[in-house]
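Asker: One structure is given below, represented as structure tokens, and several questions about it will come after.
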Amino acid sequence: MKLPPQLVNSQDWTLVGPMGPMVPEVLLSHSVLGVDGGARFCSHMDVWVGDGDSHLEQINSDYKYQFSPIKSASDMALALDLLSSKLPMNIHFWGFLGGRKDHELINLGEACLFLEKNPSSKIYFYNENAKIIFSLSGSGSWKFNHQGTFSLVCLKKIKFKLAGLCDYQVEDETELSPLSSLGLSNVAHGDFFVTSNGPFIIIFPEIK
């Protein structure tokens with residue numbers, strides 16, 4: 001399974017999942033990869049990957065990779081496998097939040113596994129209001145800009161530093177265990193910086 005030649009060097013991707021709603025135009029300006037039922041929520045797709053269990057209609061894409069529903073990897077994992085590259089990428093996930101919690105958690109796990117192999121890439125998960133809820137980064141030093149609450153978590157043990165305009169900095173390299181409360185409920189006031197030796201997730205909670 002390979003990308004068509006004209007997409008091999010694409011560095012900005014929108015992956016469209018089955019939860020909807022319709023993809024905003026700004027995200028359609030990237031290369032678009034429909035993931036199974038995500039085909040219902042975008043006006044065009046450059047590539048489609050899936051097993052068809054959440055989309056039984058005709059797939060409107062010139063490049064389709066269809067799998068059996070009986071498989072050992074999710075449709076999203078197969079889509080990320082298609083994108084594996086040494087190029088740094090910005091990958092925008094639309095339509096992957098708001099459904100089953102086990103799906104959401106495993107999607108984050110697959111995204112972190114992708115970043116282990118592609119540490120210079122960034123991954124963003126959007127809610128239905130086009131707000132970034134999860135921002136995932138690989139190893140390295142990264143800059144963020146935010147006003148308000150955020151949490152920093154990992155799914156595999158990492159060592160990290162946190163600096164900049166936030167209430168709680170971590171000046172010395174510190175070990176962070178998976179889903180530890182150490183990074184819970186910080187507050188940013190502009191630019192802040194994270195240095196890490198492995199993938200991590202910045203969560204921007206939907207405060208009501």
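Each chain in the structure tokens gets a letter, A, B and so on, in the order shown; residues start at 1 in every chain, and ligands are counted from 1 in the order they appear.
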Running DSSP on the backbone, which parts of region 86-148 of chain A land in helix (DSSP H, G or I), as a list of chain:residue names?
Answerer: A:Lys101, A:Asp102, A:His103, A:Glu104, A:Leu105, A:Ile106, A:Asn107, A:Leu108, A:Gly109, A:Glu110, A:Ala111, A:Cys112, A:Leu113, A:Phe114, A:Leu115, A:Glu116, A:Lys117
Asker: Suppose we keep N, CA, C and O atoms; can you now write the selection as a short mmCIF file (atom, residue, chain, number, x, y, z; two decimals), in the first residue's frame?
Answerer:
data_model
loop_
_atom_site.label_atom_id
_atom_site.label_comp_id
_atom_site.auth_asym_id
_atom_site.auth_seq_id
_atom_site.Cartn_x
_atom_site.Cartn_y
_atom_site.Cartn_z
N LYS A 101 -15.37 5.93 23.65
CA LYS A 101 -14.16 6.32 24.37
C LYS A 101 -13.01 5.36 24.10
O LYS A 101 -11.83 5.78 24.09
N ASP A 102 -13.30 4.07 23.91
CA ASP A 102 -12.22 3.14 23.61
C ASP A 102 -11.59 3.48 22.27
O ASP A 102 -10.36 3.44 22.10
N HIS A 103 -12.41 3.89 21.30
CA HIS A 103 -11.88 4.30 20.01
C HIS A 103 -11.00 5.54 20.15
O HIS A 103 -9.91 5.62 19.58
N GLU A 104 -11.47 6.52 20.91
CA GLU A 104 -10.69 7.76 21.09
C GLU A 104 -9.33 7.46 21.71
O GLU A 104 -8.30 7.97 21.25
N LEU A 105 -9.32 6.65 22.77
CA LEU A 105 -8.07 6.37 23.46
C LEU A 105 -7.10 5.61 22.56
O LEU A 105 -5.90 5.93 22.49
N ILE A 106 -7.62 4.62 21.84
CA ILE A 106 -6.75 3.83 20.97
C ILE A 106 -6.27 4.67 19.79
O ILE A 106 -5.13 4.53 19.33
N ASN A 107 -7.10 5.60 19.30
CA ASN A 107 -6.65 6.51 18.24
C ASN A 107 -5.45 7.34 18.72
O ASN A 107 -4.49 7.55 17.97
N LEU A 108 -5.51 7.82 19.95
CA LEU A 108 -4.38 8.57 20.51
C LEU A 108 -3.16 7.68 20.63
O LEU A 108 -2.02 8.11 20.36
N GLY A 109 -3.37 6.43 21.01
CA GLY A 109 -2.26 5.49 21.10
C GLY A 109 -1.60 5.25 19.75
O GLY A 109 -0.37 5.25 19.63
N GLU A 110 -2.42 5.06 18.71
CA GLU A 110 -1.87 4.85 17.37
C GLU A 110 -1.13 6.09 16.89
O GLU A 110 -0.09 6.00 16.22
N ALA A 111 -1.65 7.27 17.23
CA ALA A 111 -0.98 8.51 16.83
C ALA A 111 0.38 8.63 17.51
O ALA A 111 1.37 9.06 16.89
N CYS A 112 0.47 8.26 18.78
CA CYS A 112 1.75 8.30 19.48
C CYS A 112 2.74 7.29 18.89
O CYS A 112 3.94 7.58 18.77
N LEU A 113 2.25 6.11 18.53
CA LEU A 113 3.13 5.13 17.89
C LEU A 113 3.67 5.67 16.57
O LEU A 113 4.84 5.46 16.23
N PHE A 114 2.82 6.37 15.82
CA PHE A 114 3.26 6.98 14.57
C PHE A 114 4.38 7.99 14.85
O PHE A 114 5.38 8.05 14.13
N LEU A 115 4.22 8.79 15.91
CA LEU A 115 5.21 9.83 16.22
C LEU A 115 6.52 9.24 16.74
O LEU A 115 7.56 9.89 16.66
N GLU A 116 6.49 8.03 17.27
CA GLU A 116 7.74 7.38 17.65
C GLU A 116 8.62 7.15 16.41
O GLU A 116 9.85 7.26 16.47
N LYS A 117 7.97 6.83 15.30
CA LYS A 117 8.69 6.56 14.05
C LYS A 117 8.89 7.83 13.23
O LYS A 117 9.75 7.87 12.35
#
Asker: If you count only C-alpha atoms, which residues fall within 9 Å of Val47 (chain A), apart from same-chain ones fewer than 3 positions away, as a count of residues only?
Answerer: 12
Asker: Closest to Ser181 (chain A) among A:Val153, A:Ile132, A:Ile201, A:Ala77, using only C-alpha atoms?
Answerer: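 Of all the options, A:Val153 lies closest to Ser181 (chain A).
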Asker: Check the smallest atom-to-atom distance from each of A:Ser84, A:Ser29, A:Ser141, A:Ser180 to Ala163 (chain A) using only C-alpha atoms, then report the winner.
Answerer: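 Once distances to Ala163 (chain A) are computed over only C-alpha atoms, the minimum belongs to A:Ser141.
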Asker: Taking the DSSP secondary structure from the backbone, can you list the residues of region 161-199 of chain A that are strand (DSSP E or B), as a list in words?
Answerer: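 Filtering region 161-199 of chain A to strand (DSSP E or B) leaves Lys161, Leu162, Ala163, Gly164, Leu165, Cys166, Val170, Glu171, Asp172, Glu173, Thr174, Glu175, Leu176, Asn186, Val187, Ala188, His189, Gly190, Asp191, Phe192, Phe193, Val194, Thr195 and Ser196 of chain A.
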Asker: Would you mind exporting the chosen residues as a JSON list (two decimals), in the first residue's frame, restricted to C-alpha atoms?
Answerer:
[["chain", "number", "residue", "atom", "x", "y", "z"],
["A", 161, "LYS", "CA", 11.11, 20.03, 30.42],
["A", 162, "LEU", "CA", 8.47, 22.77, 30.38],
["A", 163, "ALA", "CA", 9.26, 26.49, 30.13],
["A", 164, "GLY", "CA", 7.66, 29.77, 29.10],
["A", 165, "LEU", "CA", 4.47, 31.62, 29.95],
["A", 166, "CYS", "CA", 2.65, 29.08, 32.08],
["A", 170, "VAL", "CA", 9.60, 22.19, 34.87],
["A", 171, "GLU", "CA", 13.15, 23.51, 34.61],
["A", 172, "ASP", "CA", 15.04, 20.25, 35.22],
["A", 173, "GLU", "CA", 14.58, 17.19, 33.06],
["A", 174, "THR", "CA", 11.83, 15.23, 34.80],
["A", 175, "GLU", "CA", 10.34, 11.80, 34.29],
["A", 176, "LEU", "CA", 6.67, 11.68, 33.34],
["A", 186, "ASN", "CA", -1.48, 23.92, 33.99],
["A", 187, "VAL", "CA", -2.41, 27.41, 32.76],
["A", 188, "ALA", "CA", -0.76, 29.10, 29.77],
["A", 189, "HIS", "CA", -0.54, 32.86, 29.16],
["A", 190, "GLY", "CA", 0.98, 32.83, 25.68],
["A", 191, "ASP", "CA", 4.05, 30.99, 24.38],
["A", 192, "PHE", "CA", 5.32, 27.95, 26.25],
["A", 193, "PHE", "CA", 7.91, 25.35, 25.29],
["A", 194, "VAL", "CA", 8.18, 21.59, 25.79],
["A", 195, "THR", "CA", 11.32, 19.49, 25.31],
["A", 196, "SER", "CA", 10.80, 15.74, 25.40]]
Asker: In terms of the shortest atom-to-atom distance over only C-alpha atoms, which of A:Phe41, A:Asp36, A:Phe96, A:His30 is closest to Ser68 (chain A)?
Answerer: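 That would be A:Asp36, the residue with the smallest distance to Ser68 (chain A).
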Asker: Within 12 Å of region 15-25 of chain A, counting only C-alpha atoms, which residues show up once you throw out same-chain ones fewer than 5 positions away? Write them as a PyMOL selection string, please.
Answerer: chain A and resi 30-50+52-55+74-80+82-83+90-100+103-104+107+111+123-131
Asker: Could you state the separation of CA of Ile202 (chain A) and CA of Leu87 (chain A) in Å, given to one decimal place?
Answerer: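 Value for the CA of Ile202 (chain A)-CA of Leu87 (chain A) distance: 22.3 Å.
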Asker: Please, what distance in Å, to one decimal, runs between CA of Gly148 (chain A) and CA of Leu184 (chain A)?
Answerer: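 Taking CA of Gly148 (chain A) as the start and CA of Leu184 (chain A) as the end point, the length is 12.8 Å.
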Asker: Using only C-alpha atoms, determine which residues lie at most 9 Å from Lys156 (chain A), disregarding the query and same-chain residues fewer than 6 positions distant; provide the list as a VMD selection string.
Answerer: chain A and resid 112 176 to 179 198 to 200
